[in-house]
Amino acid sequence: MALEEGARSSLLRFRNRLEQDIKPSYLMDHMISDLVLTMDEEERINSQPTRKDQAVFLLELLLRKDNRAYISFYNALVKEAYDDLASLLHESLPHILPEAYKNTSDGFTSQVQTVLSEGGVPQRPVVFVSRPELVNRVREKLYQLQKKPGWVTVFGMAGSGKSVLTAEAVRHQGLIEECFPGGIHWLSIGQLDKPNLLVKIQSLCFRLEQSLDSQSLHRPPNSLDEAKERLRFLMLRRYPRSLLILDDIWDSTVLKAFDIQCRILLTTRNRSLTDSVSGAKYQVEVESGLDENKGLEILALYTNNKPQGLPEDARSIVRECKGSPLVVSLIGALLKEKPDRWRYYLCQLQQKQFKRIRKSSSYDYDALDQAMAASIEVLPAEHRELYKDLTVIEKDIKVPAKVLSVLWDLEPEEVEDILEEFVNKSLLFMDSHHKPYLYYLHDLQLDFLVEQNRTQLESLHTKVVRQYQKHYRDGLPTSGDEECLYWFRFLTYHMAKANLSQELNSLMFSLDWVSIKAQIMNPAHLINDYMEYGPILDKENSKVRSQFQEFLSLNGHQLEQRPFPDVVQLALSQPHTSEVYRQALLQAQERARTGKLYFNWLNESSVESLSRLVIHPHQGSIYSACFSHDGAKIASCGASKTLKVFKSTSGEKLTEIQAHDDEVLCCAFSPDDRLLATCSSDRKVKVWNVERAMLLRVFEEEHEEQVNHCQFTNTTRRLLLATCSNDKFLNVKLWNLNKPSSQNTMFGHFEPVNHCCFSPDDTFVSTSSNDGSVKLFQVSSANEWKTINVKNMFTESDEEIFVKCSTWTADGKRIICAARNAVLVFDVETSDMLLEIRTSRLSTVQYCQACPTSNLLAIAFSNYAVELWDLEANKKMADCSGHLSWVQRVHFSPDGSQLLSCSDDQTVRLWETNKVHTSSAVRLKRDSDVLFNDEEIIVSAADNCNRLQVRDGRTGSVLFQSEEKPSRIRCTCMCRQPPAVVLGQEDGTVQGAGLTASQVLRMVGCRIRRLLTSYRGLVLAVGLYTGSVQVLEVPSGKLLATLLGHTRTVLHCQFSQNGQTLITSSEDTTIRVWRWQSGECKVLQGHKEQIRCFSLLSNFPADTRLLSWSFDGTFKVKAHTHTHTHTHTQNRQQHETKHKIRNNLSFTHNKVWDIENGEKLQDTEAHQGAILSCHVSPDGFLFATTSADKTAKLWHCDSWQCVYTLSGHQDCVRSCRFSWDSRCLATGDDNGEIRLWSVKEGSLLKICSRDGKDGMDSLHGGWVTDLHFSPDNSLLVSTGGYIKWWDVERGEALQTFYPTGNALKRIYVSSDFSTFVTIDNMGILYILQRVA
């Protein structure tokens, strides 16, 4: 049969690629075994002078051959890991009838060979002995998976041939066609940690996607959760009815990563591994030894004899090997080289001259050490020394030849020849499915080497380290290949084993090492290194070790992002006394000389945080998390339907369970930490064995609605589990785990019960319900003891009162409950309310818990906050800020030293309660103003206590703080002359301020004396929610004026440059122009909705026009004649719209005013949606508007005509900014996209990079809220969830700063584009200065 035209065309089309890359000697063995290439043809190919000439000759031969040769060539490429080349030829594979090419009687055809090769199934070993009885038993179990998914476990002792049997069992066309038409996919596992398991699944997903269309290719999954979901999709949707073979599974936790409801066969030494997974299960046991005839058959194949022709010593050798295929193969390989040494090798085995490898070993092979010693003895002396070096390899680790090339200081080709010799003598194994090949030792071989070289282990590890240092003396490896991966995984291990503490310190206290390893591996792996090698590192400097560990713990969630963040920039946010910060600053300064952007957080020292560790365990909201009773573990659950357990020290995942069919609402440890209970929206309660991740009990019959909460008793004296649900009547139950049904049901609530909690002595259980009450039931009798009517405490409202939860103080004398925006403390005996903690009316209390060892109470809020209160002092001790969405649960560690919180933002945070600070309870509001004065930076903003603060931007220290205002401060602005500050209030007044300077100096100390000298003459205006505006003098705090007129909240205020005029806008739909010192006021009326912002149309004093925009759909223009002028800096800071607009607005207008006479000059219908921002070009000729209608528009300032409509954004266009030369306009939308436009032509110039966080989040983690160009227009800064700096010409991101919170409203920029000021939604002030 001639070669099909499609196949011929593929060979010709990709001929150059194939000639460049293939090594014919690797491929010809496979083609000869398929009988498509002759020995003569092989000789002719090998006679060619160069590798490329050999490749050319091979391809010429292929073009003259048939379809079978093409298929064989394709299979050889797959087997030799030329996956990229094989994918080029895959589409042109000829379709041939399988029955025409059967080469065995058991259904093994060339078509089967193709299927198995594509799936990575190992070839038969060179010496293969058939074991048909076992093969048929495996096939019989595989046929059980024909109709439904399940697990087939092939188990047996090490070296019993499980993998070979499994591979042989699937070499059957009937089995594949009937049961697994989707293919066979092989994955070798071994003893893996989590990072390496992720790498394995990534490679499997890539292999599966490679065979699909190019649109199916995705970036590699970044976490085990994502990898599991990707694999589930591929196996169930793209490869239905396929078989996944997992070879050499050791750990049930690893197995759960593959619990995806597909068809799986696994080989293992532990027959009980599948107890922890769901689905049908079948088992096949492989006997630990070959029978005598099979052993003889192996020896016959090695020595090219027939079994009956072997000497008598052969039977004795098989008996001494005790049937181990591994040991028999070792002896066979020796006899192949020395066929006259039968008697010698038998004596070696019989003498048993070496002691047992490990007395406790489960491997019952006395013969192994003799066989190993004999095999090593025949090696050349120099090779024996090289083989000894393999002692340092960890079990189940496959090593590329390049690592050994570094270790042995030999060329890679020479190393490959040596390794080939080891493989041929069965002293080493080769994984040919990787390219380059990977090499590994069997566990038994490694045990032998360790025992033989025990006294030399330290020097052998030292050799590895020294050779690495010699090879990489110029810098760390960064290639990301298998060799690079090996060094990042195991270099610290070798240093620790070599007792090279100085080298280990230098490496692990290096930011370069942290940066590259975090990118290649993951932060949990690094944190584990600091934990594991902590005793060694602490001898040198425990403080530095804790600094690096803290940096990784708090930034681990950032380091899991893709694209990978700049570690140096992250480290610049560390405390300035930290070694991490010191190294980052040095690197930033060095890179800044080459033009790289870095930003130093100047006032970081003024920000205090309790957070110790941030973990991202789930995809989706986390509803519950709790400490184990020994404090070592944390369990969490949520919307992902999974239960996870991880270390409380590092966040390393220990266990993952697909726990329920719906959201998991609560999880709880038993008092001895052996059990975990979960409850779910699927109405089921489940109890799990923690260590084995095995389901022990399911209670699914009695609750008829979702089960909201579960908790064990506090002691094991009488272990019970309490649950509560949304059931109408039978909604609280107690369970004895030894009984199939509930032990007791508590009656009394007739609305859903949200929470249940045992008293410290387990005498009572408290229940919290939507009926507005907390009930206390006696555990022994299940009788109601008393009811606390919480709803009676909320007499001011007719709304329903839902009690979210209750918690007991450690002495059991008080019970605390949460409802609406309050936490109430009651006396248990009298039911009297002892204390009430009321919080902001804008948030609700989600949960609270009393500390078991102190008077602290933790409260979780819907406004993303966690607060710590002292119950005795009735005083808030700290704000634990960091979450970016509703906080669902808080839980103290048993010793009270730590607090965890979990949130809808998909994170669990740990806080150290012994680091509480009263100052951490002070947060700034985002409505602020900033003045830049040479080296000084002045920031004014309101705090959460409704006081006005003026801060030194460089240190964060408070220069001025007002008394608490009775009305909430809404906006503020500052000016230099005359000396005053303004604040606007809700009551419609405006006030201006003068403590004396000497009083302030006594208050803030001598450091501030120099600052106050430069701050004299500062005036501050503050707009309040009541509508009033206050003008104050700083630093004295003297009230200069109170401006009354606005009837509703003042939204925006701005001084003229000379400070004589103050302009304010309000929710009352008016703009007021004040001569604030005299109180004279002009009112600009015409808008029908609140006026969010306004802007002067020109910098020139003679131009009196003012542009305003409103949610009523208008922009208006008025003019004024006051001598108002603006610097470029002030003009760049004129406006920002910060809130989502109402969707029912159909048209939007701008208005232009004459401020002097109050005349409306222009009223323009601008957009078919609300206007969200405006900006005037620096040259004063144009202004831009952006809208919820997804467009931006350019307008002429004189004619008011629309010049261009800029379309293309896919969401609301929220911000805009002209470049300083007025040639370019930047616009940002709610998808995080930024577009750059030509002002002259109205055309799109560039879309800034669209690659978002993790490929899912918007580029900014939210809306683009503010934009600023650098003075030379080459750079652009943008804000949203975080801050990004861009190269304008290329549209590429140059740097990203991740604040602790998010939702940045605006950013203030110094005139030289070196300093940036903003406040996040957690009230943290950021003063960022470019590193020079």
# chains A, B, ... in the order shown; residues from 1 in each chain; ligands from 1
$ residues_around --residues "Phe1316 of chain A" --least-positions-apart "5" --cutoff "6 Å" --atoms "only C-alpha atoms" --output "MDAnalysis selection string"
chainID A and resid 1308:1309 1327:1328
$ write_last_selection --atoms "C-alpha atoms" --output "JSON list (two decimals), in the first residue's frame"
[["chain", "number", "residue", "atom", "x", "y", "z"],
["A", 1308, "TYR", "CA", -2.87, 62.27, 43.51],
["A", 1309, "VAL", "CA", 0.33, 62.75, 41.53],
["A", 1327, "ILE", "CA", 2.48, 57.51, 49.84],
["A", 1328, "LEU", "CA", 4.46, 55.93, 47.00]]
$ residues_around --residues "segment 1214-1230 of chain A" --least-positions-apart "6" --cutoff "7 Å" --atoms "only C-alpha atoms" --output "MDAnalysis selection string"
chainID A and resid 1172:1175 1177:1179 1186:1187 1236:1240 1262:1269 1271 1273
$ write_last_selection --atoms "N, CA and C atoms" --output "short mmCIF file (atom, residue, chain, number, x, y, z; two decimals), in the first residue's frame"
data_model
loop_
_atom_site.label_atom_id
_atom_site.label_comp_id
_atom_site.auth_asym_id
_atom_site.auth_seq_id
_atom_site.Cartn_x
_atom_site.Cartn_y
_atom_site.Cartn_z
N LEU A 1172 -20.03 59.89 33.62
CA LEU A 1172 -19.27 59.40 34.77
C LEU A 1172 -18.01 60.20 35.04
N SER A 1173 -17.47 60.87 34.01
CA SER A 1173 -16.29 61.71 34.24
C SER A 1173 -16.15 62.71 33.11
N CYS A 1174 -15.46 63.81 33.38
CA CYS A 1174 -15.10 64.83 32.39
C CYS A 1174 -13.66 65.26 32.65
N HIS A 1175 -13.02 65.72 31.59
CA HIS A 1175 -11.70 66.32 31.78
C HIS A 1175 -11.46 67.34 30.68
N SER A 1177 -8.87 69.55 28.35
CA SER A 1177 -7.50 69.42 27.84
C SER A 1177 -6.65 70.56 28.38
N PRO A 1178 -5.36 70.31 28.62
CA PRO A 1178 -4.48 71.36 29.17
C PRO A 1178 -4.42 72.61 28.31
N ASP A 1179 -4.61 72.48 26.97
CA ASP A 1179 -4.57 73.68 26.13
C ASP A 1179 -5.90 74.43 26.13
N THR A 1186 -17.12 60.91 29.58
CA THR A 1186 -17.29 59.45 29.48
C THR A 1186 -18.60 59.07 30.13
N SER A 1187 -19.13 57.92 29.73
CA SER A 1187 -20.51 57.63 30.11
C SER A 1187 -20.75 56.15 30.34
N LEU A 1236 -6.17 54.19 24.58
CA LEU A 1236 -5.49 55.44 24.26
C LEU A 1236 -5.95 55.89 22.88
N TRP A 1237 -6.37 57.17 22.78
CA TRP A 1237 -6.97 57.69 21.56
C TRP A 1237 -6.18 58.89 21.05
N SER A 1238 -6.15 59.05 19.73
CA SER A 1238 -5.61 60.26 19.10
C SER A 1238 -6.67 61.35 19.18
N VAL A 1239 -6.34 62.48 19.80
CA VAL A 1239 -7.28 63.59 19.92
C VAL A 1239 -7.51 64.25 18.55
N LYS A 1240 -6.46 64.32 17.76
CA LYS A 1240 -6.56 64.99 16.47
C LYS A 1240 -7.49 64.24 15.51
N GLY A 1262 -11.08 45.54 39.33
CA GLY A 1262 -12.22 46.44 39.49
C GLY A 1262 -12.22 47.51 38.42
N TRP A 1263 -13.00 48.56 38.63
CA TRP A 1263 -13.12 49.64 37.67
C TRP A 1263 -11.82 50.44 37.58
N VAL A 1264 -11.57 51.01 36.41
CA VAL A 1264 -10.48 51.98 36.28
C VAL A 1264 -11.04 53.34 36.70
N THR A 1265 -10.61 53.84 37.84
CA THR A 1265 -11.23 55.02 38.44
C THR A 1265 -10.46 56.31 38.24
N ASP A 1266 -9.19 56.24 37.89
CA ASP A 1266 -8.41 57.47 37.73
C ASP A 1266 -7.24 57.21 36.80
N LEU A 1267 -6.82 58.26 36.09
CA LEU A 1267 -5.73 58.16 35.13
C LEU A 1267 -4.91 59.45 35.18
N HIS A 1268 -3.58 59.35 35.03
CA HIS A 1268 -2.71 60.52 34.99
C HIS A 1268 -1.53 60.24 34.07
N PHE A 1269 -1.18 61.21 33.23
CA PHE A 1269 0.00 61.12 32.38
C PHE A 1269 1.19 61.75 33.09
N PRO A 1271 4.62 64.15 32.92
CA PRO A 1271 4.81 65.43 32.21
C PRO A 1271 5.31 65.27 30.78
N ASN A 1273 4.54 62.74 28.93
CA ASN A 1273 3.50 61.94 28.26
C ASN A 1273 3.95 60.54 27.87
#
$ residues_around --residues "Gln569 of chain A" --least-positions-apart "3" --cutoff "8 Å" --atoms "only C-alpha atoms" --output "number ranges by chain"
A: 566, 572-573, 584, 588, 598-599, 1296-1297
$ atom_distance --atom1 "atom CA of Asp389 of chain A" --atom2 "atom CA of Lys200 of chain A"
26.3 Å
$ residues_around --residues "Glu312 of chain A" --least-positions-apart "4" --cutoff "12 Å" --atoms "only C-alpha atoms" --output "compact mmCIF listing (two decimals) with all heavy atoms, in the first residue's frame"
# COMPACT_ATOMS: atom_id res chain seq x y z
N LEU A 296 12.74 -18.56 35.41
CA LEU A 296 13.65 -19.16 34.44
C LEU A 296 13.47 -18.54 33.05
O LEU A 296 14.43 -18.37 32.30
CB LEU A 296 13.41 -20.67 34.37
CG LEU A 296 13.81 -21.47 35.63
CD1 LEU A 296 13.37 -22.92 35.50
CD2 LEU A 296 15.32 -21.40 35.85
N PRO A 307 14.45 -22.01 28.31
CA PRO A 307 14.45 -22.36 29.74
C PRO A 307 15.01 -23.74 30.03
O PRO A 307 15.75 -23.93 31.00
CB PRO A 307 12.96 -22.26 30.12
CG PRO A 307 12.39 -21.29 29.15
CD PRO A 307 13.14 -21.50 27.87
N GLN A 308 14.67 -24.71 29.16
CA GLN A 308 15.15 -26.06 29.43
C GLN A 308 16.65 -26.21 29.18
O GLN A 308 17.26 -27.19 29.60
CB GLN A 308 14.37 -27.08 28.59
CG GLN A 308 14.39 -26.81 27.09
CD GLN A 308 13.23 -25.95 26.65
OE1 GLN A 308 12.77 -25.12 27.41
NE2 GLN A 308 12.76 -26.17 25.41
N SER A 316 18.35 -22.58 41.16
CA SER A 316 18.76 -22.13 42.49
C SER A 316 18.78 -20.61 42.57
O SER A 316 18.39 -20.02 43.60
CB SER A 316 20.16 -22.69 42.81
OG SER A 316 20.15 -24.10 42.78
N ILE A 317 19.21 -19.96 41.49
CA ILE A 317 19.23 -18.49 41.48
C ILE A 317 17.82 -17.95 41.61
O ILE A 317 17.56 -17.02 42.39
CB ILE A 317 19.90 -17.98 40.19
CG1 ILE A 317 21.42 -18.18 40.28
CG2 ILE A 317 19.58 -16.51 39.95
CD1 ILE A 317 22.17 -17.83 39.01
N VAL A 318 16.86 -18.55 40.87
CA VAL A 318 15.48 -18.08 40.95
C VAL A 318 14.94 -18.25 42.35
O VAL A 318 14.25 -17.37 42.89
CB VAL A 318 14.60 -18.83 39.93
CG1 VAL A 318 13.13 -18.51 40.15
CG2 VAL A 318 15.01 -18.47 38.51
N ARG A 319 15.26 -19.38 42.99
CA ARG A 319 14.79 -19.62 44.37
C ARG A 319 15.40 -18.60 45.32
O ARG A 319 14.73 -18.08 46.21
CB ARG A 319 15.13 -21.04 44.81
CG ARG A 319 14.23 -22.11 44.20
CD ARG A 319 14.39 -23.43 44.92
NE ARG A 319 15.71 -24.01 44.71
CZ ARG A 319 16.03 -24.83 43.71
NH1 ARG A 319 15.09 -25.17 42.82
NH2 ARG A 319 17.24 -25.31 43.57
N TRP A 342 27.33 -18.22 36.25
CA TRP A 342 26.14 -18.70 36.97
C TRP A 342 26.48 -19.08 38.40
O TRP A 342 25.79 -18.68 39.34
CB TRP A 342 25.54 -19.91 36.24
CG TRP A 342 24.95 -19.58 34.90
CD1 TRP A 342 25.58 -19.59 33.70
CD2 TRP A 342 23.60 -19.19 34.65
NE1 TRP A 342 24.72 -19.21 32.70
CE2 TRP A 342 23.48 -18.96 33.27
CE3 TRP A 342 22.48 -19.00 35.45
CZ2 TRP A 342 22.29 -18.58 32.67
CZ3 TRP A 342 21.29 -18.63 34.84
CH2 TRP A 342 21.20 -18.41 33.47
N ARG A 343 27.52 -19.87 38.57
CA ARG A 343 27.90 -20.35 39.90
C ARG A 343 28.33 -19.17 40.78
O ARG A 343 27.97 -19.11 41.96
CB ARG A 343 29.04 -21.37 39.76
CG ARG A 343 29.73 -21.78 41.06
CD ARG A 343 28.78 -22.41 42.08
NE ARG A 343 28.07 -23.56 41.54
CZ ARG A 343 27.23 -24.31 42.23
NH1 ARG A 343 26.97 -24.00 43.49
NH2 ARG A 343 26.60 -25.33 41.67
N LEU A 346 25.32 -17.17 41.96
CA LEU A 346 24.55 -17.96 42.92
C LEU A 346 25.21 -17.90 44.30
O LEU A 346 24.54 -17.73 45.32
CB LEU A 346 24.44 -19.41 42.44
CG LEU A 346 23.78 -20.39 43.42
CD1 LEU A 346 22.34 -19.96 43.73
CD2 LEU A 346 23.79 -21.81 42.86
$ select_by_dssp --residues "segment 706-837 of chain A" --states "helix (DSSP H, G or I)" --output "list in words"
Val790, Lys791, Asn792 and Met793 of chain A
$ residues_around --residues "Trp601 of chain A" --least-positions-apart "5" --cutoff "12 Å" --atoms "only C-alpha atoms" --output "ChimeraX atom specification"
/A:569-576,581,585,606-607,953-956,1297-1299,1315-1318,1324-1331
